[in-house]
Amino acid sequence: MRSTLLLVILFSVSGTWAEGDNGCANQGLQTKDIWDELKALRDMVVEQRVELRNTKAELQTQRDKVAHLEKENTVMSSRLTATENKVTAITAELEATKAEQQLQKKKVEEAERLISVQAAELAALVSRVTAREEEAQEQKKEVTSLREELDISKTQLQLTKNKLDELEGTIADTPKLAFSAGLTTSGKIGPFNAETPLIYSRVFTNIGGAYNPTTGIFTAPVKGVYYFRFTAFNNKKGEWMAVNLYHNSQRILHNSELANGHAFISNALILQLEQGSVVYMRLQKDCGLYDDPSSLNTFSGFLLFPQLLSRL
């Protein structure tokens with residue numbers, strides 16, 4: 001702008017010079033001022049040129065800076081592009097990760113559901129196991145109690161066995177006692193005017209020898225329980241028959257019957273005898289019997305068991 005103004009001034013000065021000397025005389029003072037102004041303008045131009053050079057240098061510096069910034073921008077753009085690509089990849093990876101996390105979350109939820117179900121089943125199983133353990137403890141207690149009872153039973157059984165062994169030994173040592181005898185074969189017996197012993201002299205059996213066929217008396221060799229039985233017969237019509245069974249001196253049993261042709265009586269009883277006790281039969285006075293080889297009148301007895309056996 002200042003260069004253009006300087007050219008205009010120079011052109012005006014040149015036109016003034018072309019008008020002749022008259023102008024120079026009148027305008028002498030003006031020319032000096034113009035030259036002063038031109039000098040000032042020249043100095044201004046020089047200053048402007050320096051300033052322009054400085055401006056150009058600064059502009060070049062700015063251009064260099066711009067170029068450098070453009071290069072940096074290009075590098076930054078490349079980096080940004082790479083970063084954007086990385087961000088895109090990371091975003092894609094993040095999305096994939098989110099999808100995988102979502103899937104994992106579903107799996108975890110499913111696993112938690114399964115764990116809850118399994119926990120409930122485990123709790124039920126633990127409850128059942130606890131119940132079984134309690135039941136097993138009760139059964140164990142019962143088994144222990146049964147074992148104790150069994151041990152007691154074994155002890156009692158052993159004691160009983162020992163007693164049985166002892167009793168078996170005692171029984172083995174106890175004589176076997178049994179007898180049976182018939183009265184007579186002579187026919188008519190009695191009547192007598194007093195009660196008369198009946199002597200059963202026809203011995204059929206006398207194991208142990210406790211019966212005496214001479215006296216008609218059975219003597220108990222051991223204390224025990226005995227069985228006795230008798231039969232009686234009379235065939236004389238209108239005549240009484242009556243027999244008595246004695247234990248020692250005491251009459252235990254009496255049976256009688258009026259004969260009407262053929263009269264028959266029998267009876268039996270069980271007696272507990274002390275060792276040495278006697279049992280025998282007697283005919284009632286004024287009564288009669290009849291016997292022959294048919295053994296119509298009999299007296300029998302045997303040992304049921306020694307009194308020791310009755311203690312079991």
# chains A, B, ... in the order shown; residues from 1 in each chain; ligands from 1

$ select_by_dssp --residues "range 70-312 of chain A" --states "strand (DSSP E)" --output "PyMOL selection string"
chain A and resi 178-182+187-189+196-197+202-207+211-212+217-219+224-234+240-247+250-258+263-273+278-283+289-291+298-306

$ residues_around --residues "Gly216 in chain A" --least-positions-apart "5" --cutoff "9 Å" --atoms "only C-alpha atoms" --output "PDB file with N, CA and C atoms, in the first residue's frame"
ATOM      1  N   PRO A 197     -55.345-156.010 104.975  1.00  0.00           N
ATOM      2  CA  PRO A 197     -54.427-155.615 103.899  1.00  0.00           C
ATOM      3  C   PRO A 197     -54.617-156.511 102.677  1.00  0.00           C
ATOM      4  N   LEU A 198     -54.507-155.883 101.483  1.00  0.00           N
ATOM      5  CA  LEU A 198     -54.550-156.624 100.227  1.00  0.00           C
ATOM      6  C   LEU A 198     -53.127-156.801  99.726  1.00  0.00           C
ATOM      7  N   ILE A 199     -52.754-158.080  99.520  1.00  0.00           N
ATOM      8  CA  ILE A 199     -51.394-158.377  99.074  1.00  0.00           C
ATOM      9  C   ILE A 199     -51.479-158.829  97.624  1.00  0.00           C
ATOM     10  N   TYR A 200     -50.988-157.957  96.720  1.00  0.00           N
ATOM     11  CA  TYR A 200     -50.995-158.252  95.285  1.00  0.00           C
ATOM     12  C   TYR A 200     -49.707-159.020  94.986  1.00  0.00           C
ATOM     13  N   SER A 201     -49.871-160.345  95.007  1.00  0.00           N
ATOM     14  CA  SER A 201     -48.696-161.218  94.938  1.00  0.00           C
ATOM     15  C   SER A 201     -48.283-161.576  93.515  1.00  0.00           C
ATOM     16  N   TYR A 211     -41.725-152.132  95.260  1.00  0.00           N
ATOM     17  CA  TYR A 211     -42.953-152.812  95.710  1.00  0.00           C
ATOM     18  C   TYR A 211     -42.571-154.165  96.303  1.00  0.00           C
ATOM     19  N   VAL A 279     -47.266-146.731 100.473  1.00  0.00           N
ATOM     20  CA  VAL A 279     -48.611-146.708  99.904  1.00  0.00           C
ATOM     21  C   VAL A 279     -49.052-148.183  99.775  1.00  0.00           C
ATOM     22  N   TYR A 280     -50.328-148.428 100.156  1.00  0.00           N
ATOM     23  CA  TYR A 280     -50.819-149.808 100.096  1.00  0.00           C
ATOM     24  C   TYR A 280     -52.329-149.784 100.016  1.00  0.00           C
ATOM     25  N   MET A 281     -52.945-150.993  99.748  1.00  0.00           N
ATOM     26  CA  MET A 281     -54.395-151.141  99.605  1.00  0.00           C
ATOM     27  C   MET A 281     -54.895-152.043 100.738  1.00  0.00           C
TER      28      MET A 281
END

$ residues_around --residues "range 220-227 of chain A" --least-positions-apart "3" --cutoff "7 Å" --atoms "only C-alpha atoms" --output "PDB file with N, CA, C and O atoms, in the first residue's frame"
ATOM      1  N   ALA A 210     -39.288-151.310  94.395  1.00  0.00           N
ATOM      2  CA  ALA A 210     -39.869-150.577  95.510  1.00  0.00           C
ATOM      3  C   ALA A 210     -41.142-151.233  96.030  1.00  0.00           C
ATOM      4  O   ALA A 210     -41.603-150.922  97.135  1.00  0.00           O
ATOM      5  N   LEU A 269     -54.784-141.872  91.322  1.00  0.00           N
ATOM      6  CA  LEU A 269     -54.451-140.579  91.915  1.00  0.00           C
ATOM      7  C   LEU A 269     -52.946-140.389  91.894  1.00  0.00           C
ATOM      8  O   LEU A 269     -52.175-141.329  91.676  1.00  0.00           O
ATOM      9  N   ILE A 270     -52.545-139.124  92.097  1.00  0.00           N
ATOM     10  CA  ILE A 270     -51.125-138.751  92.123  1.00  0.00           C
ATOM     11  C   ILE A 270     -50.808-138.266  93.521  1.00  0.00           C
ATOM     12  O   ILE A 270     -51.512-137.433  94.083  1.00  0.00           O
ATOM     13  N   LEU A 271     -49.694-138.806  94.053  1.00  0.00           N
ATOM     14  CA  LEU A 271     -49.296-138.454  95.407  1.00  0.00           C
ATOM     15  C   LEU A 271     -47.859-137.926  95.414  1.00  0.00           C
ATOM     16  O   LEU A 271     -47.011-138.391  94.642  1.00  0.00           O
ATOM     17  N   GLN A 272     -47.640-136.939  96.270  1.00  0.00           N
ATOM     18  CA  GLN A 272     -46.286-136.451  96.514  1.00  0.00           C
ATOM     19  C   GLN A 272     -45.771-137.133  97.775  1.00  0.00           C
ATOM     20  O   GLN A 272     -46.329-136.952  98.855  1.00  0.00           O
ATOM     21  N   LEU A 273     -44.711-137.941  97.588  1.00  0.00           N
ATOM     22  CA  LEU A 273     -44.217-138.762  98.692  1.00  0.00           C
ATOM     23  C   LEU A 273     -42.832-138.325  99.115  1.00  0.00           C
ATOM     24  O   LEU A 273     -42.016-137.905  98.293  1.00  0.00           O
ATOM     25  N   GLU A 274     -42.614-138.422 100.416  1.00  0.00           N
ATOM     26  CA  GLU A 274     -41.272-138.254 100.948  1.00  0.00           C
ATOM     27  C   GLU A 274     -40.530-139.577 100.830  1.00  0.00           C
ATOM     28  O   GLU A 274     -41.126-140.649 100.656  1.00  0.00           O
ATOM     29  N   GLN A 275     -39.220-139.495 100.876  1.00  0.00           N
ATOM     30  CA  GLN A 275     -38.442-140.736 100.854  1.00  0.00           C
ATOM     31  C   GLN A 275     -38.810-141.597 102.068  1.00  0.00           C
ATOM     32  O   GLN A 275     -38.841-141.111 103.196  1.00  0.00           O
ATOM     33  N   GLY A 276     -39.142-142.871 101.809  1.00  0.00           N
ATOM     34  CA  GLY A 276     -39.541-143.799 102.874  1.00  0.00           C
ATOM     35  C   GLY A 276     -41.036-143.863 103.089  1.00  0.00           C
ATOM     36  O   GLY A 276     -41.516-144.694 103.887  1.00  0.00           O
ATOM     37  N   SER A 277     -41.835-143.027 102.457  1.00  0.00           N
ATOM     38  CA  SER A 277     -43.292-143.095 102.581  1.00  0.00           C
ATOM     39  C   SER A 277     -43.788-144.396 101.955  1.00  0.00           C
ATOM     40  O   SER A 277     -43.184-144.936 101.019  1.00  0.00           O
ATOM     41  N   VAL A 278     -44.935-144.884 102.476  1.00  0.00           N
ATOM     42  CA  VAL A 278     -45.474-146.149 101.970  1.00  0.00           C
ATOM     43  C   VAL A 278     -46.892-145.925 101.462  1.00  0.00           C
ATOM     44  O   VAL A 278     -47.617-145.038 101.945  1.00  0.00           O
ATOM     45  N   GLY A 301     -48.271-148.578  90.039  1.00  0.00           N
ATOM     46  CA  GLY A 301     -47.746-147.245  90.345  1.00  0.00           C
ATOM     47  C   GLY A 301     -46.382-147.026  89.713  1.00  0.00           C
ATOM     48  O   GLY A 301     -45.685-147.986  89.380  1.00  0.00           O
ATOM     49  N   PHE A 302     -46.014-145.751  89.576  1.00  0.00           N
ATOM     50  CA  PHE A 302     -44.671-145.433  89.043  1.00  0.00           C
ATOM     51  C   PHE A 302     -44.306-143.994  89.428  1.00  0.00           C
ATOM     52  O   PHE A 302     -45.168-143.175  89.770  1.00  0.00           O
ATOM     53  N   LEU A 303     -43.017-143.734  89.372  1.00  0.00           N
ATOM     54  CA  LEU A 303     -42.492-142.402  89.695  1.00  0.00           C
ATOM     55  C   LEU A 303     -42.665-141.476  88.484  1.00  0.00           C
ATOM     56  O   LEU A 303     -42.152-141.762  87.406  1.00  0.00           O
ATOM     57  N   LEU A 304     -43.411-140.353  88.685  1.00  0.00           N
ATOM     58  CA  LEU A 304     -43.525-139.368  87.608  1.00  0.00           C
ATOM     59  C   LEU A 304     -42.226-138.570  87.480  1.00  0.00           C
ATOM     60  O   LEU A 304     -41.657-138.462  86.401  1.00  0.00           O
ATOM     61  N   PHE A 305     -41.773-137.994  88.578  1.00  0.00           N
ATOM     62  CA  PHE A 305     -40.493-137.263  88.571  1.00  0.00           C
ATOM     63  C   PHE A 305     -40.065-137.023  90.006  1.00  0.00           C
ATOM     64  O   PHE A 305     -40.902-136.904  90.909  1.00  0.00           O
ATOM     65  N   PRO A 306     -38.771-136.983  90.228  1.00  0.00           N
ATOM     66  CA  PRO A 306     -38.280-136.641  91.569  1.00  0.00           C
ATOM     67  C   PRO A 306     -38.692-135.211  91.914  1.00  0.00           C
ATOM     68  O   PRO A 306     -38.954-134.385  91.045  1.00  0.00           O
ATOM     69  N   GLN A 307     -38.728-134.923  93.176  1.00  0.00           N
ATOM     70  CA  GLN A 307     -39.178-133.599  93.612  1.00  0.00           C
ATOM     71  C   GLN A 307     -38.204-132.513  93.157  1.00  0.00           C
ATOM     72  O   GLN A 307     -38.590-131.363  92.999  1.00  0.00           O
TER      73      GLN A 307
END

$ atom_distance --atom1 "CA of Arg202 in chain A" --atom2 "CA of Leu289 in chain A"
15.8 Å

$ select_by_dssp --residues "range 129-263 of chain A" --states "helix (DSSP H, G or I)" --output "ChimeraX atom specification"
/A:129-173

$ closest_residue --among "A:Gln62, A:Thr215, A:Gln284, A:Asn206" --to "Pro191 in chain A" --atoms "only C-alpha atoms"
A:Gln284

$ atom_distance --atom1 "CA of Tyr246 in chain A" --atom2 "CA of Ile217 in chain A"
9.8 Å

$ atom_distance --atom1 "CA of Val129 in chain A" --atom2 "CA of Ser145 in chain A"
23.4 Å
